[in-house]
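J.: Quick one, model12.cif (mmCIF, C-alpha atoms):
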data_protein
#
loop_
_atom_site.label_atom_id
_atom_site.label_comp_id
_atom_site.auth_asym_id
_atom_site.auth_seq_id
_atom_site.Cartn_x
_atom_site.Cartn_y
_atom_site.Cartn_z
CA VAL B 1 -63.02 -21.93 -147.67
CA ASN B 2 -64.31 -19.23 -145.33
CA ARG B 3 -62.15 -17.58 -142.71
CA ARG B 4 -63.85 -19.29 -139.76
CA MET B 5 -63.24 -22.71 -141.27
CA ASN B 6 -59.61 -21.89 -141.95
CA ALA B 7 -59.22 -20.65 -138.38
CA ASN B 8 -60.65 -23.91 -137.04
CA ILE B 9 -58.34 -25.92 -139.27
CA LEU B 10 -55.36 -23.92 -138.00
CA LYS B 11 -56.37 -24.55 -134.37
CA GLU B 12 -56.73 -28.27 -135.05
CA SER B 13 -53.30 -28.37 -136.68
CA GLN B 14 -51.64 -26.45 -133.86
CA LYS B 15 -53.22 -28.66 -131.20
CA HIS B 16 -52.94 -32.10 -132.75
CA HIS B 17 -50.48 -31.71 -135.67
CA ASP B 18 -52.76 -33.90 -137.80
CA ILE B 19 -53.70 -31.66 -140.75
CA ILE B 20 -52.33 -31.98 -144.28
CA GLN B 21 -53.85 -29.36 -146.56
CA GLU B 22 -53.71 -28.83 -150.32
CA ASP B 23 -55.34 -26.35 -152.67
CA PHE B 24 -58.58 -28.05 -153.75
CA ILE B 25 -62.15 -28.37 -152.47
CA ASP B 26 -62.65 -31.44 -150.27
CA ALA B 27 -65.54 -33.01 -152.21
CA TYR B 28 -66.39 -36.55 -153.28
CA ARG B 29 -65.47 -35.95 -156.91
CA ASN B 30 -62.09 -34.61 -155.81
CA LEU B 31 -61.00 -37.79 -154.05
CA SER B 32 -58.43 -38.42 -156.77
CA TYR B 33 -56.72 -35.16 -155.81
CA LYS B 34 -56.74 -36.23 -152.18
CA GLY B 35 -55.29 -39.67 -152.95
CA VAL B 36 -52.49 -38.29 -155.11
CA MET B 37 -51.81 -35.65 -152.45
CA GLY B 38 -51.37 -38.40 -149.86
CA LEU B 39 -48.83 -40.23 -152.01
CA LYS B 40 -47.00 -36.97 -152.70
CA TRP B 41 -46.82 -36.10 -149.00
CA ALA B 42 -45.80 -39.57 -147.83
CA THR B 43 -43.03 -39.96 -150.39
CA SER B 44 -41.77 -36.41 -149.76
CA PHE B 45 -41.75 -36.35 -145.96
CA CYS B 46 -41.55 -39.97 -144.78
CA GLU B 47 -37.97 -40.67 -145.80
CA ASN B 48 -37.37 -43.81 -143.75
CA VAL B 49 -40.51 -45.81 -144.52
CA THR B 50 -40.48 -48.89 -146.73
CA PHE B 51 -44.23 -49.27 -147.19
CA ILE B 52 -47.23 -46.95 -147.21
CA LEU B 53 -50.66 -48.23 -146.19
CA ASN B 54 -53.84 -46.54 -147.36
CA ILE B 55 -57.12 -47.58 -145.73
CA ASP B 56 -60.60 -46.11 -145.48
CA ASP B 57 -61.60 -44.63 -142.13
CA ASP B 58 -64.42 -47.17 -141.76
CA VAL B 59 -62.05 -50.15 -141.92
CA PHE B 60 -60.98 -52.30 -138.99
CA LEU B 61 -57.33 -53.29 -139.58
CA ASN B 62 -55.92 -56.65 -138.50
CA LEU B 63 -52.48 -55.16 -137.87
CA PRO B 64 -50.60 -58.34 -136.82
CA ASN B 65 -51.62 -60.02 -140.07
CA VAL B 66 -50.53 -56.98 -142.08
CA VAL B 67 -47.16 -57.00 -140.31
CA GLU B 68 -46.84 -60.74 -140.96
CA VAL B 69 -47.54 -60.25 -144.67
CA ILE B 70 -44.94 -57.48 -144.88
CA GLN B 71 -42.31 -59.43 -142.95
CA ASN B 72 -42.84 -62.48 -145.17
CA MET B 73 -42.34 -60.32 -148.25
CA GLN B 74 -39.18 -58.82 -146.79
CA LEU B 75 -37.83 -62.30 -146.09
CA ARG B 76 -38.38 -63.04 -149.78
CA GLY B 77 -36.52 -59.86 -150.69
CA ILE B 78 -39.65 -57.99 -151.78
CA GLN B 79 -39.39 -54.37 -150.68
CA GLN B 80 -40.00 -52.63 -154.00
CA ASN B 81 -42.43 -52.71 -156.92
CA LEU B 82 -45.32 -53.68 -154.63
CA LEU B 83 -48.96 -52.65 -155.00
CA LEU B 84 -50.89 -55.08 -152.80
CA CYS B 85 -54.67 -54.97 -152.67
CA ASN B 86 -57.97 -56.60 -153.48
CA LEU B 87 -57.88 -56.52 -157.29
CA MET B 88 -60.87 -55.44 -159.36
CA SER B 89 -60.76 -56.83 -162.90
CA ASN B 90 -62.99 -56.48 -165.97
CA THR B 91 -65.15 -53.88 -164.23
CA PRO B 92 -67.36 -51.73 -166.50
CA PRO B 93 -68.07 -48.09 -165.70
CA ILE B 94 -71.55 -47.25 -164.41
CA ARG B 95 -73.36 -45.84 -167.45
CA ASP B 96 -76.88 -45.45 -166.04
CA PRO B 97 -77.28 -41.92 -164.60
CA THR B 98 -80.61 -42.77 -162.92
CA GLY B 99 -79.97 -46.21 -161.37
CA GLU B 100 -79.17 -47.11 -157.78
CA LEU B 101 -75.45 -46.82 -158.54
CA SER B 102 -75.78 -43.40 -160.17
CA LYS B 103 -73.40 -41.94 -157.58
CA TRP B 104 -70.64 -43.55 -159.66
CA TYR B 105 -72.10 -42.69 -163.08
CA VAL B 106 -69.35 -42.05 -165.61
CA SER B 107 -70.09 -40.64 -169.05
CA ARG B 108 -68.18 -41.68 -172.16
CA LYS B 109 -66.79 -38.17 -172.30
CA GLU B 110 -65.20 -38.77 -168.90
CA PHE B 111 -64.02 -42.32 -169.67
CA LYS B 112 -64.51 -43.76 -173.15
CA PRO B 113 -63.55 -47.48 -172.85
CA ASP B 114 -66.16 -50.06 -171.82
CA ILE B 115 -63.92 -51.66 -169.17
CA TYR B 116 -61.78 -50.05 -166.51
CA PRO B 117 -58.14 -51.12 -166.26
CA ASP B 118 -57.42 -53.49 -163.37
CA TYR B 119 -57.48 -51.45 -160.17
CA CYS B 120 -57.51 -51.79 -156.38
CA SER B 121 -60.53 -51.75 -154.15
CA GLY B 122 -59.72 -48.62 -152.17
CA MET B 123 -60.48 -49.83 -148.65
CA PHE B 124 -56.97 -51.35 -148.23
CA ILE B 125 -53.96 -50.61 -150.44
CA LEU B 126 -50.34 -51.33 -149.50
CA TYR B 127 -47.69 -49.51 -151.56
CA SER B 128 -43.96 -49.90 -151.48
CA LYS B 129 -42.52 -46.41 -151.34
CA ASP B 130 -41.08 -46.56 -154.86
CA VAL B 131 -44.48 -47.49 -156.30
CA ALA B 132 -46.15 -44.60 -154.47
CA ALA B 133 -43.54 -42.23 -155.89
CA SER B 134 -43.98 -43.62 -159.42
CA ILE B 135 -47.75 -43.24 -159.27
CA TYR B 136 -47.44 -39.66 -158.07
CA LYS B 137 -45.00 -38.89 -160.88
CA ALA B 138 -47.38 -40.42 -163.42
CA SER B 139 -50.15 -38.10 -162.21
CA LEU B 140 -48.22 -34.98 -163.19
CA ASP B 141 -49.04 -35.33 -166.88
CA GLU B 142 -52.08 -37.64 -166.86
CA PRO B 143 -55.53 -36.05 -167.27
CA PHE B 144 -57.66 -36.06 -164.13
CA PHE B 145 -60.34 -38.73 -163.63
CA TRP B 146 -62.61 -38.46 -160.61
CA VAL B 147 -63.07 -42.17 -159.71
CA ASP B 148 -60.07 -42.30 -157.40
CA ASP B 149 -59.47 -46.06 -157.13
CA VAL B 150 -59.56 -46.42 -160.92
CA TYR B 151 -57.45 -43.33 -161.53
CA ILE B 152 -54.71 -43.91 -158.96
CA THR B 153 -54.31 -47.70 -158.87
CA GLY B 154 -55.59 -48.39 -162.37
CA ILE B 155 -54.80 -45.65 -164.88
CA LEU B 156 -51.73 -44.20 -163.15
CA ALA B 157 -50.38 -47.60 -162.08
CA ALA B 158 -50.66 -48.87 -165.66
CA LYS B 159 -48.94 -45.76 -166.96
CA ALA B 160 -46.10 -46.32 -164.48
CA GLY B 161 -45.79 -50.00 -165.50
CA ILE B 162 -46.80 -51.31 -162.07
CA ASP B 163 -48.38 -54.74 -161.58
CA HIS B 164 -50.80 -55.55 -158.78
CA THR B 165 -50.18 -58.16 -156.08
CA VAL B 166 -53.08 -60.02 -154.46
CA PRO B 167 -52.47 -61.11 -150.83
CA ASN B 168 -53.07 -64.65 -149.58
CA LYS B 169 -55.43 -63.30 -146.93
CA THR B 170 -58.92 -61.88 -147.37
CA ILE B 171 -59.44 -58.13 -147.69
CA GLY B 172 -62.78 -56.51 -147.13
CA MET B 173 -65.03 -58.86 -145.19
CA GLU B 174 -68.23 -57.32 -143.87
CA ASN B 175 -70.45 -58.31 -140.95
CA TYR B 176 -67.92 -60.86 -139.74
CA ASP B 177 -69.00 -63.24 -136.96
CA PHE B 178 -67.79 -62.15 -133.52
CA ASN B 179 -67.11 -65.80 -132.56
CA LEU B 180 -63.49 -65.33 -133.53
CA ASP B 181 -60.80 -67.90 -132.92
CA LYS B 182 -57.14 -68.16 -133.87
CA SER B 183 -57.89 -69.74 -137.23
CA ASP B 184 -60.33 -66.92 -138.02
CA MET B 185 -57.77 -64.28 -137.15
CA ASN B 186 -55.27 -65.64 -139.66
CA LYS B 187 -57.72 -65.27 -142.53
CA PHE B 188 -58.16 -61.54 -142.99
CA LEU B 189 -56.32 -58.24 -143.18
CA SER B 190 -59.25 -55.89 -142.73
CA VAL B 191 -62.99 -55.73 -142.17
CA ALA B 192 -65.28 -52.99 -143.47
CA ASN B 193 -68.16 -52.17 -141.17
CA VAL B 194 -68.02 -48.83 -139.40
CA ASN B 195 -70.90 -49.58 -137.02
CA ASP B 196 -69.12 -52.55 -135.48
CA MET B 197 -65.54 -51.25 -135.33
CA TYR B 198 -65.48 -50.71 -131.56
CA ALA B 199 -67.08 -54.08 -130.93
CA TYR B 200 -64.53 -55.79 -133.18
CA TRP B 201 -61.66 -54.05 -131.45
CA GLY B 202 -62.89 -54.85 -127.95
CA LYS B 203 -63.27 -58.55 -128.62
CA PHE B 204 -60.16 -58.65 -130.78
CA LYS B 205 -58.01 -57.09 -128.05
CA LYS B 206 -59.54 -59.17 -125.26
CA GLN B 207 -58.99 -62.50 -126.99
CA PHE B 208 -55.76 -61.97 -128.86
CA TYR B 209 -53.77 -58.95 -127.68
CA SER B 210 -53.52 -59.21 -123.91
CA ASN B 211 -50.06 -60.80 -124.13
CA VAL B 212 -48.98 -59.73 -127.62
CA LYS B 213 -46.19 -57.30 -128.42
CA ILE B 214 -44.91 -56.57 -131.89
CA LYS B 215 -41.18 -55.93 -131.90
CA GLY B 216 -38.87 -54.58 -134.55
CA LYS B 217 -38.67 -51.73 -137.01
CA MET B 218 -41.64 -49.51 -137.78
CA LEU B 219 -42.76 -50.58 -141.24
CA PHE B 220 -45.29 -47.88 -142.13
#
In structure tokens, how does this file's structure come out?
T.:
Amino acid sequence: VNRRMNANILKESQKHHDIIQEDFIDAYRNLSYKGVMGLKWATSFCENVTFILNIDDDVFLNLPNVVEVIQNMQLRGIQQNLLLCNLMSNTPPIRDPTGELSKWYVSRKEFKPDIYPDYCSGMFILYSKDVAASIYKASLDEPFFWVDDVYITGILAAKAGIDHTVPNKTIGMENYDFNLDKSDMNKFLSVANVNDMYAYWGKFKKQFYSNVKIKGKMLF
């Protein structure tokens, strides 16, 4: 990285304290490094957290529903061994280097099997802290694979002996109808549509948050 870029990063960090930096190039095929780095940092520096939530930056999060899911799990004594997400099963690698999905083309040299291990859709992943630590530990001696969702929540999770949990609410709806009511709000944890995020939030807050306060311990 050139000196000007590093200087700008330093200014950003000094002003907002929002930079976490590791020694790799921030490129699409290095997302696995970034994901593992996040788990390493969270488990190393966030001593008092119980859960770690990973979401894409184009995701609208239904936070009250997420808190409700976590609180229900805690009431059932579930605070460890949790990897909660939208599960992808029996998914084959993209083998066509010229097709419309060629961005995710994977050669047999990179990944030999015909089916990926079960893994999480990366837009919303909830880890208990022990699971995040186990996945990071598994990465230390597992060969790198660039498809981050498959690598982190599939290959590394399997190596660490971690099972996936599927929530009882929908993850990953797109283009959701703005005519929201209370029954709609109880159905989903997140919505993926970056163009409509502000519109979702405005209507969401107006209809459902004007008199809502969430009390209790910070969960993540």
J.: Which of these residues is nearest to Pro113 in chain B, using only C-alpha atoms: B:Asn62, B:Thr165, B:Thr91, B:Asn2?
T.: B:Thr91
J.: Which residue is closest to Lys103 in chain B? Choose from B:Val36, B:Gly154, B:Phe144, B:Arg29 and count all atoms listed in the file.
T.: B:Arg29
J.: Find the distance between CA of Ile70 in chain B and CA of Asp18 in chain B and write it in Å to one decimal.
T.: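 So the two atoms, CA of Ile70 in chain B and CA of Asp18 in chain B, lie 25.8 Å apart.
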J.: So which one's closest to Cys120 in chain B, B:Lys206, B:Arg95, B:Arg76, B:His164? Using all atoms listed in the file, please.
T.: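 Nearest candidate to Cys120 in chain B out of B:Lys206, B:Arg95, B:Arg76, B:His164: B:His164.
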J.: So that I can see what lies close to Ser121 in chain B, please list as a list of chain:residue names the residues with an atom at most 7 Å from it, counting only C-alpha atoms and leaving out residues fewer than 4 positions away in the same chain.
T.: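 My list of contacting residues is B:Cys85, B:Asn86, B:Leu87, B:Met88, B:Asp149.
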J.: Write out as JSON an axis-aligned box for range 162-169 of chain B: all of its atoms listed in the file, 4 Å added on each side, centre and edge lengths in Å with one decimal.
T.:
{"center_x": -51.1, "center_y": -58.0, "center_z": -154.5, "size_x": 16.6, "size_y": 21.3, "size_z": 23.1}
J.: Using all atoms listed in the file for the distances, tell me which of B:Gly202, B:Thr43, B:Val131, B:Ser102 is nearest to Ile162 in chain B.
T.: B:Val131
J.: What is the CA of Met37 in chain B to CA of Val106 in chain B distance in Å?
T.: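 We find that CA of Met37 in chain B and CA of Val106 in chain B lie 22.8 Å from each other.
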J.: Could you tell me how far CA of Ile55 in chain B sits from CA of Ile125 in chain B, in Å to one decimal place?
T.: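 Here the two named atoms are 6.4 Å from each other.
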